[in-house]
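**Q** The file below is upload_29.cif, mmCIF, N, CA, C and O atoms:
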```
data_upload
loop_
_atom_site.label_atom_id
_atom_site.label_comp_id
_atom_site.auth_asym_id
_atom_site.auth_seq_id
_atom_site.Cartn_x
_atom_site.Cartn_y
_atom_site.Cartn_z
N MET A 1 -37.67 -3.20 -50.47
CA MET A 1 -36.73 -3.05 -49.40
C MET A 1 -35.81 -1.85 -49.61
O MET A 1 -35.48 -1.16 -48.69
N LEU A 2 -35.40 -1.61 -50.85
CA LEU A 2 -34.51 -0.49 -51.13
C LEU A 2 -35.17 0.85 -50.85
O LEU A 2 -34.53 1.78 -50.42
N PHE A 3 -36.45 0.94 -51.11
CA PHE A 3 -37.14 2.21 -50.94
C PHE A 3 -37.33 2.57 -49.48
O PHE A 3 -37.34 3.73 -49.12
N SER A 4 -37.40 1.60 -48.60
CA SER A 4 -37.71 1.88 -47.21
C SER A 4 -36.58 2.62 -46.49
O SER A 4 -36.86 3.49 -45.67
N LYS A 5 -35.34 2.31 -46.75
CA LYS A 5 -34.23 2.98 -46.05
C LYS A 5 -34.13 4.46 -46.42
O LYS A 5 -34.07 5.31 -45.53
N PRO A 6 -34.14 4.82 -47.71
CA PRO A 6 -34.08 6.24 -48.04
C PRO A 6 -35.32 6.99 -47.57
O PRO A 6 -35.23 8.13 -47.10
N ALA A 7 -36.47 6.37 -47.68
CA ALA A 7 -37.70 7.02 -47.24
C ALA A 7 -37.68 7.27 -45.74
O ALA A 7 -38.11 8.32 -45.26
N THR A 8 -37.16 6.32 -45.00
CA THR A 8 -37.05 6.47 -43.55
C THR A 8 -36.08 7.60 -43.21
O THR A 8 -36.35 8.42 -42.34
N ALA A 9 -34.96 7.65 -43.90
CA ALA A 9 -33.98 8.70 -43.64
C ALA A 9 -34.55 10.08 -43.94
O ALA A 9 -34.37 11.02 -43.16
N VAL A 10 -35.25 10.21 -45.05
CA VAL A 10 -35.83 11.50 -45.41
C VAL A 10 -36.89 11.91 -44.40
O VAL A 10 -36.94 13.06 -43.96
N SER A 11 -37.74 10.98 -44.00
CA SER A 11 -38.80 11.33 -43.05
C SER A 11 -38.22 11.70 -41.69
O SER A 11 -38.72 12.61 -41.02
N LEU A 12 -37.15 11.03 -41.26
CA LEU A 12 -36.52 11.38 -39.99
C LEU A 12 -35.90 12.78 -40.06
O LEU A 12 -35.98 13.55 -39.10
N CYS A 13 -35.28 13.10 -41.19
CA CYS A 13 -34.68 14.43 -41.35
C CYS A 13 -35.76 15.52 -41.34
O CYS A 13 -35.58 16.56 -40.72
N LEU A 14 -36.87 15.25 -42.01
CA LEU A 14 -37.97 16.22 -42.03
C LEU A 14 -38.58 16.38 -40.65
O LEU A 14 -38.96 17.48 -40.26
N MET A 15 -38.68 15.28 -39.91
CA MET A 15 -39.22 15.35 -38.56
C MET A 15 -38.31 16.19 -37.66
O MET A 15 -38.76 17.02 -36.88
N LEU A 16 -37.01 15.97 -37.78
CA LEU A 16 -36.04 16.74 -37.00
C LEU A 16 -36.12 18.22 -37.35
O LEU A 16 -36.11 19.08 -36.46
N LEU A 17 -36.23 18.52 -38.63
CA LEU A 17 -36.34 19.90 -39.07
C LEU A 17 -37.60 20.55 -38.52
O LEU A 17 -37.57 21.70 -38.06
N SER A 18 -38.70 19.82 -38.51
CA SER A 18 -39.94 20.40 -38.00
C SER A 18 -39.86 20.65 -36.49
O SER A 18 -40.38 21.64 -35.99
N VAL A 19 -39.16 19.78 -35.76
CA VAL A 19 -38.99 19.99 -34.32
C VAL A 19 -38.13 21.22 -34.08
O VAL A 19 -38.44 22.05 -33.22
N VAL A 20 -37.07 21.38 -34.85
CA VAL A 20 -36.19 22.54 -34.69
C VAL A 20 -36.94 23.83 -35.00
O VAL A 20 -36.86 24.81 -34.27
N LEU A 21 -37.70 23.82 -36.08
CA LEU A 21 -38.45 25.01 -36.46
C LEU A 21 -39.56 25.31 -35.46
O LEU A 21 -39.88 26.48 -35.22
N ALA A 22 -40.13 24.29 -34.87
CA ALA A 22 -41.21 24.49 -33.91
C ALA A 22 -40.69 25.07 -32.60
O ALA A 22 -41.36 25.86 -31.94
N THR A 23 -39.48 24.72 -32.21
CA THR A 23 -38.94 25.20 -30.94
C THR A 23 -38.19 26.51 -31.07
O THR A 23 -37.97 27.19 -30.09
N THR A 24 -37.77 26.89 -32.26
CA THR A 24 -37.00 28.11 -32.45
C THR A 24 -37.74 29.37 -32.03
O THR A 24 -37.18 30.18 -31.30
N PRO A 25 -39.00 29.60 -32.41
CA PRO A 25 -39.67 30.82 -31.96
C PRO A 25 -39.82 30.89 -30.44
O PRO A 25 -39.68 31.95 -29.85
N ALA A 26 -40.05 29.76 -29.80
CA ALA A 26 -40.19 29.75 -28.35
C ALA A 26 -38.86 30.11 -27.68
O ALA A 26 -38.82 30.85 -26.71
N ALA A 27 -37.78 29.61 -28.23
CA ALA A 27 -36.47 29.91 -27.67
C ALA A 27 -36.11 31.37 -27.88
O ALA A 27 -35.56 32.03 -27.00
N ALA A 28 -36.44 31.91 -29.04
CA ALA A 28 -36.15 33.32 -29.32
C ALA A 28 -36.99 34.22 -28.42
O ALA A 28 -36.51 35.25 -27.93
N GLN A 29 -38.22 33.84 -28.20
CA GLN A 29 -39.10 34.64 -27.35
C GLN A 29 -38.60 34.60 -25.91
O GLN A 29 -38.58 35.61 -25.21
N ALA A 30 -38.18 33.44 -25.43
CA ALA A 30 -37.67 33.32 -24.07
C ALA A 30 -36.38 34.11 -23.92
O ALA A 30 -36.13 34.72 -22.87
N ALA A 31 -35.55 34.12 -24.94
CA ALA A 31 -34.28 34.85 -24.88
C ALA A 31 -34.53 36.35 -24.84
O ALA A 31 -33.82 37.09 -24.16
N SER A 32 -35.53 36.82 -25.57
CA SER A 32 -35.80 38.25 -25.57
C SER A 32 -36.45 38.70 -24.27
O SER A 32 -36.32 39.84 -23.87
N ALA A 33 -37.15 37.79 -23.60
CA ALA A 33 -37.80 38.13 -22.34
C ALA A 33 -36.80 38.15 -21.18
O ALA A 33 -37.02 38.83 -20.19
N ALA A 34 -35.72 37.42 -21.31
CA ALA A 34 -34.72 37.36 -20.25
C ALA A 34 -33.93 38.65 -20.22
O ALA A 34 -33.68 39.28 -21.25
N PRO A 35 -33.53 39.09 -19.02
CA PRO A 35 -32.74 40.31 -18.93
C PRO A 35 -31.36 40.12 -19.55
O PRO A 35 -30.77 39.04 -19.45
N ALA A 36 -30.87 41.14 -20.18
CA ALA A 36 -29.56 41.07 -20.82
C ALA A 36 -28.47 41.21 -19.76
O ALA A 36 -28.57 42.04 -18.85
N THR A 37 -27.46 40.40 -19.87
CA THR A 37 -26.32 40.49 -18.95
C THR A 37 -25.10 40.88 -19.75
O THR A 37 -24.88 40.40 -20.85
N ALA A 38 -24.31 41.73 -19.19
CA ALA A 38 -23.09 42.18 -19.86
C ALA A 38 -21.96 41.23 -19.53
O ALA A 38 -21.79 40.81 -18.40
N ILE A 39 -21.19 40.88 -20.55
CA ILE A 39 -20.04 40.01 -20.35
C ILE A 39 -18.81 40.91 -20.25
O ILE A 39 -18.55 41.70 -21.15
N PRO A 40 -18.07 40.82 -19.15
CA PRO A 40 -16.87 41.63 -19.03
C PRO A 40 -15.87 41.31 -20.14
O PRO A 40 -15.82 40.17 -20.62
N ALA A 41 -15.13 42.29 -20.53
CA ALA A 41 -14.16 42.11 -21.60
C ALA A 41 -13.12 41.04 -21.26
O ALA A 41 -12.56 40.40 -22.15
N THR A 42 -12.86 40.83 -19.98
CA THR A 42 -11.86 39.84 -19.59
C THR A 42 -12.37 38.42 -19.80
O THR A 42 -11.58 37.50 -19.87
N GLU A 43 -13.70 38.23 -19.90
CA GLU A 43 -14.24 36.89 -20.07
C GLU A 43 -14.46 36.54 -21.54
O GLU A 43 -14.79 35.41 -21.84
N ILE A 44 -14.30 37.48 -22.43
CA ILE A 44 -14.44 37.19 -23.85
C ILE A 44 -13.16 36.52 -24.31
O ILE A 44 -12.07 37.06 -24.16
N LYS A 45 -13.32 35.32 -24.86
CA LYS A 45 -12.13 34.55 -25.24
C LYS A 45 -11.87 34.67 -26.73
O LYS A 45 -12.78 34.65 -27.54
N THR A 46 -10.62 34.75 -27.05
CA THR A 46 -10.22 34.76 -28.45
C THR A 46 -9.93 33.32 -28.87
O THR A 46 -9.89 32.41 -28.04
N ALA A 47 -9.72 33.13 -30.14
CA ALA A 47 -9.41 31.78 -30.63
C ALA A 47 -8.11 31.27 -30.03
O ALA A 47 -7.99 30.11 -29.67
N GLU A 48 -7.15 32.18 -29.87
CA GLU A 48 -5.87 31.77 -29.30
C GLU A 48 -6.02 31.41 -27.83
O GLU A 48 -5.42 30.46 -27.34
N GLY A 49 -6.84 32.18 -27.10
CA GLY A 49 -7.05 31.92 -25.68
C GLY A 49 -7.75 30.59 -25.45
O GLY A 49 -7.37 29.82 -24.57
N SER A 50 -8.76 30.31 -26.23
CA SER A 50 -9.47 29.05 -26.04
C SER A 50 -8.61 27.87 -26.48
O SER A 50 -8.70 26.79 -25.92
N ALA A 51 -7.76 28.07 -27.47
CA ALA A 51 -6.85 27.01 -27.90
C ALA A 51 -5.83 26.72 -26.81
O ALA A 51 -5.50 25.56 -26.54
N ALA A 52 -5.36 27.77 -26.15
CA ALA A 52 -4.40 27.59 -25.07
C ALA A 52 -5.06 26.89 -23.89
O ALA A 52 -4.44 26.02 -23.25
N ASP A 53 -6.32 27.25 -23.60
CA ASP A 53 -7.05 26.59 -22.52
C ASP A 53 -7.24 25.11 -22.83
O ASP A 53 -7.09 24.26 -21.96
N ALA A 54 -7.59 24.82 -24.06
CA ALA A 54 -7.80 23.43 -24.46
C ALA A 54 -6.50 22.64 -24.35
O ALA A 54 -6.49 21.49 -23.89
N ALA A 55 -5.40 23.25 -24.73
CA ALA A 55 -4.10 22.57 -24.63
C ALA A 55 -3.73 22.31 -23.17
O ALA A 55 -3.22 21.24 -22.83
N ALA A 56 -4.02 23.27 -22.31
CA ALA A 56 -3.72 23.10 -20.89
C ALA A 56 -4.58 21.98 -20.29
O ALA A 56 -4.08 21.15 -19.51
N ARG A 57 -5.88 21.96 -20.65
CA ARG A 57 -6.76 20.90 -20.15
C ARG A 57 -6.29 19.53 -20.64
O ARG A 57 -6.31 18.55 -19.89
N HIS A 58 -5.85 19.47 -21.89
CA HIS A 58 -5.37 18.21 -22.45
C HIS A 58 -4.14 17.73 -21.71
O HIS A 58 -4.01 16.54 -21.38
N THR A 59 -3.23 18.65 -21.41
CA THR A 59 -2.01 18.30 -20.68
C THR A 59 -2.34 17.78 -19.28
O THR A 59 -1.79 16.76 -18.85
N LYS A 60 -3.24 18.47 -18.59
CA LYS A 60 -3.64 18.03 -17.25
C LYS A 60 -4.26 16.64 -17.30
O LYS A 60 -3.95 15.77 -16.48
N ARG A 61 -5.16 16.44 -18.26
CA ARG A 61 -5.84 15.15 -18.36
C ARG A 61 -4.85 14.04 -18.68
O ARG A 61 -4.93 12.94 -18.13
N THR A 62 -3.89 14.32 -19.55
CA THR A 62 -2.88 13.33 -19.90
C THR A 62 -2.06 12.94 -18.68
O THR A 62 -1.78 11.76 -18.45
N GLU A 63 -1.68 13.92 -17.87
CA GLU A 63 -0.93 13.63 -16.65
C GLU A 63 -1.75 12.78 -15.69
O GLU A 63 -1.24 11.84 -15.08
N CYS A 64 -3.03 13.10 -15.56
CA CYS A 64 -3.89 12.33 -14.66
C CYS A 64 -4.08 10.90 -15.15
O CYS A 64 -4.12 9.96 -14.35
N ILE A 65 -4.17 10.72 -16.47
CA ILE A 65 -4.30 9.37 -17.02
C ILE A 65 -3.04 8.57 -16.75
O ILE A 65 -3.11 7.37 -16.41
N LYS A 66 -1.88 9.20 -16.87
CA LYS A 66 -0.62 8.51 -16.57
C LYS A 66 -0.56 8.10 -15.11
O LYS A 66 -0.10 7.00 -14.78
N GLU A 67 -1.03 8.98 -14.21
CA GLU A 67 -1.05 8.65 -12.79
C GLU A 67 -1.98 7.48 -12.52
O GLU A 67 -1.65 6.58 -11.73
N ALA A 68 -3.14 7.47 -13.16
CA ALA A 68 -4.11 6.39 -12.97
C ALA A 68 -3.52 5.07 -13.48
O ALA A 68 -3.72 4.01 -12.86
N LYS A 69 -2.80 5.13 -14.59
CA LYS A 69 -2.18 3.93 -15.12
C LYS A 69 -1.09 3.42 -14.18
O LYS A 69 -0.96 2.22 -13.95
N ALA A 70 -0.32 4.35 -13.58
CA ALA A 70 0.73 3.97 -12.65
C ALA A 70 0.13 3.32 -11.40
O ALA A 70 0.72 2.40 -10.82
N LYS A 71 -1.05 3.79 -10.99
CA LYS A 71 -1.73 3.22 -9.82
C LYS A 71 -2.53 1.97 -10.17
O LYS A 71 -3.15 1.37 -9.31
N LYS A 72 -2.55 1.62 -11.47
CA LYS A 72 -3.24 0.44 -11.99
C LYS A 72 -4.73 0.47 -11.68
O LYS A 72 -5.34 -0.53 -11.31
N LEU A 73 -5.33 1.65 -11.85
CA LEU A 73 -6.77 1.79 -11.65
C LEU A 73 -7.51 1.39 -12.91
O LEU A 73 -7.02 1.62 -14.02
N VAL A 74 -8.69 0.81 -12.74
CA VAL A 74 -9.51 0.41 -13.89
C VAL A 74 -10.97 0.76 -13.63
O VAL A 74 -11.39 0.94 -12.49
N GLY A 75 -11.73 0.87 -14.71
CA GLY A 75 -13.18 1.06 -14.62
C GLY A 75 -13.60 2.36 -13.97
O GLY A 75 -13.04 3.42 -14.24
N ALA A 76 -14.58 2.25 -13.09
CA ALA A 76 -15.16 3.42 -12.43
C ALA A 76 -14.14 4.10 -11.52
O ALA A 76 -14.15 5.33 -11.39
N ASP A 77 -13.26 3.32 -10.91
CA ASP A 77 -12.23 3.92 -10.06
C ASP A 77 -11.30 4.82 -10.88
O ASP A 77 -10.95 5.92 -10.45
N LYS A 78 -10.93 4.34 -12.06
CA LYS A 78 -10.06 5.12 -12.94
C LYS A 78 -10.77 6.40 -13.39
O LYS A 78 -10.19 7.49 -13.35
N SER A 79 -12.03 6.28 -13.78
CA SER A 79 -12.80 7.44 -14.25
C SER A 79 -12.94 8.49 -13.17
O SER A 79 -12.74 9.68 -13.41
N SER A 80 -13.30 8.06 -11.97
CA SER A 80 -13.47 9.02 -10.88
C SER A 80 -12.14 9.64 -10.48
O SER A 80 -12.07 10.83 -10.15
N PHE A 81 -11.05 8.86 -10.52
CA PHE A 81 -9.74 9.40 -10.20
C PHE A 81 -9.35 10.49 -11.20
O PHE A 81 -8.88 11.56 -10.82
N ILE A 82 -9.55 10.22 -12.49
CA ILE A 82 -9.19 11.18 -13.53
C ILE A 82 -10.03 12.45 -13.38
O ILE A 82 -9.52 13.56 -13.47
N LYS A 83 -11.33 12.28 -13.11
CA LYS A 83 -12.22 13.42 -12.96
C LYS A 83 -11.76 14.29 -11.78
O LYS A 83 -11.67 15.52 -11.89
N ASP A 84 -11.48 13.66 -10.64
CA ASP A 84 -11.03 14.40 -9.45
C ASP A 84 -9.66 15.03 -9.67
O ASP A 84 -9.40 16.15 -9.22
N CYS A 85 -8.79 14.31 -10.34
CA CYS A 85 -7.43 14.80 -10.58
C CYS A 85 -7.46 16.04 -11.47
O CYS A 85 -6.78 17.03 -11.20
N VAL A 86 -8.25 16.01 -12.53
CA VAL A 86 -8.35 17.16 -13.44
C VAL A 86 -8.94 18.35 -12.72
O VAL A 86 -8.50 19.49 -12.89
N ALA A 87 -9.94 18.11 -11.87
CA ALA A 87 -10.58 19.20 -11.13
C ALA A 87 -9.61 19.81 -10.12
O ALA A 87 -9.65 21.01 -9.85
N ALA A 88 -8.73 19.00 -9.56
CA ALA A 88 -7.78 19.49 -8.55
C ALA A 88 -6.67 20.33 -9.15
O ALA A 88 -6.14 21.21 -8.50
N HIS A 89 -6.31 20.05 -10.39
CA HIS A 89 -5.22 20.81 -11.02
C HIS A 89 -5.75 22.10 -11.44
O HIS A 89 -5.93 22.92 -11.93
#
```
Go ahead and render the structure in this file as structure tokens.

**A**
Amino acid sequence: MLFSKPATAVSLCLMLLSVVLATTPAAAQAASAAPATAIPATEIKTAEGSAADAAARHTKRTECIKEAKAKKLVGADKSSFIKDCVAAH
């Protein structure tokens, strides 16, 4: 019984590795065949910019969660309200 768990874990890891290695050349070939697109300098984000964006999204989501709680929404209604609220801000 002890041997089966480690053996299973090792075989699953090797299987995953073989899948990754098998798909990597195909992905690289597809990427090289695709036309290159230039990214404008204004769209390149720095670590500080992405951190600020994440903080702003967190603040918006927190506000929407508070609104949903005030409206006493639960389940799917709460989820859809939060999703719509975040998208609207």

**Q** Specify as a PDB file with N, CA, C and O atoms, in the coordinates of the input each residue included when the PyMOL selection byres (((chain A and resi 78-83 and name CA) around 10) and name CA) is applied to this file.

**A**
```pdb
ATOM      1  N   LYS A  60      -3.240  18.470 -18.590  1.00  0.00           N
ATOM      2  CA  LYS A  60      -3.640  18.030 -17.250  1.00  0.00           C
ATOM      3  C   LYS A  60      -4.260  16.640 -17.300  1.00  0.00           C
ATOM      4  O   LYS A  60      -3.950  15.770 -16.480  1.00  0.00           O
ATOM      5  N   ARG A  61      -5.160  16.440 -18.260  1.00  0.00           N
ATOM      6  CA  ARG A  61      -5.840  15.150 -18.360  1.00  0.00           C
ATOM      7  C   ARG A  61      -4.850  14.040 -18.680  1.00  0.00           C
ATOM      8  O   ARG A  61      -4.930  12.940 -18.130  1.00  0.00           O
ATOM      9  N   THR A  62      -3.890  14.320 -19.550  1.00  0.00           N
ATOM     10  CA  THR A  62      -2.880  13.330 -19.900  1.00  0.00           C
ATOM     11  C   THR A  62      -2.060  12.940 -18.680  1.00  0.00           C
ATOM     12  O   THR A  62      -1.780  11.760 -18.450  1.00  0.00           O
ATOM     13  N   GLU A  63      -1.680  13.920 -17.870  1.00  0.00           N
ATOM     14  CA  GLU A  63      -0.930  13.630 -16.650  1.00  0.00           C
ATOM     15  C   GLU A  63      -1.750  12.780 -15.690  1.00  0.00           C
ATOM     16  O   GLU A  63      -1.240  11.840 -15.080  1.00  0.00           O
ATOM     17  N   CYS A  64      -3.030  13.100 -15.560  1.00  0.00           N
ATOM     18  CA  CYS A  64      -3.890  12.330 -14.660  1.00  0.00           C
ATOM     19  C   CYS A  64      -4.080  10.900 -15.150  1.00  0.00           C
ATOM     20  O   CYS A  64      -4.120   9.960 -14.350  1.00  0.00           O
ATOM     21  N   ILE A  65      -4.170  10.720 -16.470  1.00  0.00           N
ATOM     22  CA  ILE A  65      -4.300   9.370 -17.020  1.00  0.00           C
ATOM     23  C   ILE A  65      -3.040   8.570 -16.750  1.00  0.00           C
ATOM     24  O   ILE A  65      -3.110   7.370 -16.410  1.00  0.00           O
ATOM     25  N   LYS A  66      -1.880   9.200 -16.870  1.00  0.00           N
ATOM     26  CA  LYS A  66      -0.620   8.510 -16.570  1.00  0.00           C
ATOM     27  C   LYS A  66      -0.560   8.100 -15.110  1.00  0.00           C
ATOM     28  O   LYS A  66      -0.100   7.000 -14.780  1.00  0.00           O
ATOM     29  N   GLU A  67      -1.030   8.980 -14.210  1.00  0.00           N
ATOM     30  CA  GLU A  67      -1.050   8.650 -12.790  1.00  0.00           C
ATOM     31  C   GLU A  67      -1.980   7.480 -12.520  1.00  0.00           C
ATOM     32  O   GLU A  67      -1.650   6.580 -11.730  1.00  0.00           O
ATOM     33  N   ALA A  68      -3.140   7.470 -13.160  1.00  0.00           N
ATOM     34  CA  ALA A  68      -4.110   6.390 -12.970  1.00  0.00           C
ATOM     35  C   ALA A  68      -3.520   5.070 -13.480  1.00  0.00           C
ATOM     36  O   ALA A  68      -3.720   4.010 -12.860  1.00  0.00           O
ATOM     37  N   LYS A  69      -2.800   5.130 -14.590  1.00  0.00           N
ATOM     38  CA  LYS A  69      -2.180   3.930 -15.120  1.00  0.00           C
ATOM     39  C   LYS A  69      -1.090   3.420 -14.180  1.00  0.00           C
ATOM     40  O   LYS A  69      -0.960   2.220 -13.950  1.00  0.00           O
ATOM     41  N   LYS A  71      -1.050   3.790 -10.990  1.00  0.00           N
ATOM     42  CA  LYS A  71      -1.730   3.220  -9.820  1.00  0.00           C
ATOM     43  C   LYS A  71      -2.530   1.970 -10.170  1.00  0.00           C
ATOM     44  O   LYS A  71      -3.150   1.370  -9.310  1.00  0.00           O
ATOM     45  N   LYS A  72      -2.550   1.620 -11.470  1.00  0.00           N
ATOM     46  CA  LYS A  72      -3.240   0.440 -11.990  1.00  0.00           C
ATOM     47  C   LYS A  72      -4.730   0.470 -11.680  1.00  0.00           C
ATOM     48  O   LYS A  72      -5.340  -0.530 -11.310  1.00  0.00           O
ATOM     49  N   LEU A  73      -5.330   1.650 -11.850  1.00  0.00           N
ATOM     50  CA  LEU A  73      -6.770   1.790 -11.650  1.00  0.00           C
ATOM     51  C   LEU A  73      -7.510   1.390 -12.910  1.00  0.00           C
ATOM     52  O   LEU A  73      -7.020   1.620 -14.020  1.00  0.00           O
ATOM     53  N   VAL A  74      -8.690   0.810 -12.740  1.00  0.00           N
ATOM     54  CA  VAL A  74      -9.510   0.410 -13.890  1.00  0.00           C
ATOM     55  C   VAL A  74     -10.970   0.760 -13.630  1.00  0.00           C
ATOM     56  O   VAL A  74     -11.390   0.940 -12.490  1.00  0.00           O
ATOM     57  N   GLY A  75     -11.730   0.870 -14.710  1.00  0.00           N
ATOM     58  CA  GLY A  75     -13.180   1.060 -14.620  1.00  0.00           C
ATOM     59  C   GLY A  75     -13.600   2.360 -13.970  1.00  0.00           C
ATOM     60  O   GLY A  75     -13.040   3.420 -14.240  1.00  0.00           O
ATOM     61  N   ALA A  76     -14.580   2.250 -13.090  1.00  0.00           N
ATOM     62  CA  ALA A  76     -15.160   3.420 -12.430  1.00  0.00           C
ATOM     63  C   ALA A  76     -14.140   4.100 -11.520  1.00  0.00           C
ATOM     64  O   ALA A  76     -14.150   5.330 -11.390  1.00  0.00           O
ATOM     65  N   ASP A  77     -13.260   3.320 -10.910  1.00  0.00           N
ATOM     66  CA  ASP A  77     -12.230   3.920 -10.060  1.00  0.00           C
ATOM     67  C   ASP A  77     -11.300   4.820 -10.880  1.00  0.00           C
ATOM     68  O   ASP A  77     -10.950   5.920 -10.450  1.00  0.00           O
ATOM     69  N   ASP A  84     -11.480  13.660 -10.640  1.00  0.00           N
ATOM     70  CA  ASP A  84     -11.030  14.400  -9.450  1.00  0.00           C
ATOM     71  C   ASP A  84      -9.660  15.030  -9.670  1.00  0.00           C
ATOM     72  O   ASP A  84      -9.400  16.150  -9.220  1.00  0.00           O
ATOM     73  N   CYS A  85      -8.790  14.310 -10.340  1.00  0.00           N
ATOM     74  CA  CYS A  85      -7.430  14.800 -10.580  1.00  0.00           C
ATOM     75  C   CYS A  85      -7.460  16.040 -11.470  1.00  0.00           C
ATOM     76  O   CYS A  85      -6.780  17.030 -11.200  1.00  0.00           O
ATOM     77  N   VAL A  86      -8.250  16.010 -12.530  1.00  0.00           N
ATOM     78  CA  VAL A  86      -8.350  17.160 -13.440  1.00  0.00           C
ATOM     79  C   VAL A  86      -8.940  18.350 -12.720  1.00  0.00           C
ATOM     80  O   VAL A  86      -8.500  19.490 -12.890  1.00  0.00           O
ATOM     81  N   ALA A  87      -9.940  18.110 -11.870  1.00  0.00           N
ATOM     82  CA  ALA A  87     -10.580  19.200 -11.130  1.00  0.00           C
ATOM     83  C   ALA A  87      -9.610  19.810 -10.120  1.00  0.00           C
ATOM     84  O   ALA A  87      -9.650  21.010  -9.850  1.00  0.00           O
ATOM     85  N   ALA A  88      -8.730  19.000  -9.560  1.00  0.00           N
ATOM     86  CA  ALA A  88      -7.780  19.490  -8.550  1.00  0.00           C
ATOM     87  C   ALA A  88      -6.670  20.330  -9.150  1.00  0.00           C
ATOM     88  O   ALA A  88      -6.140  21.210  -8.500  1.00  0.00           O
TER      89      ALA A  88
END
```

**Q** In Å to one decimal, how far is CA of His89 (chain A) from atom O of Ala55 (chain A)?

**A**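 Answer for the atom O of Ala55 (chain A) to CA of His89 (chain A) separation: 12.0 Å.
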
**Q** Measure the distance from CA of Ala54 (chain A) to atom O of Ala70 (chain A) in Å and round it to one decimal.

**A**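 Spanning CA of Ala54 (chain A) to atom O of Ala70 (chain A) is a straight-line distance of 26.5 Å.
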
**Q** So the first atom is atom O of Ser4 (chain A) and the second is atom O of Val19 (chain A); what is the distance between them in Å, to one decimal place?

**A**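 Computing it gives 22.4 Å between the two atoms.
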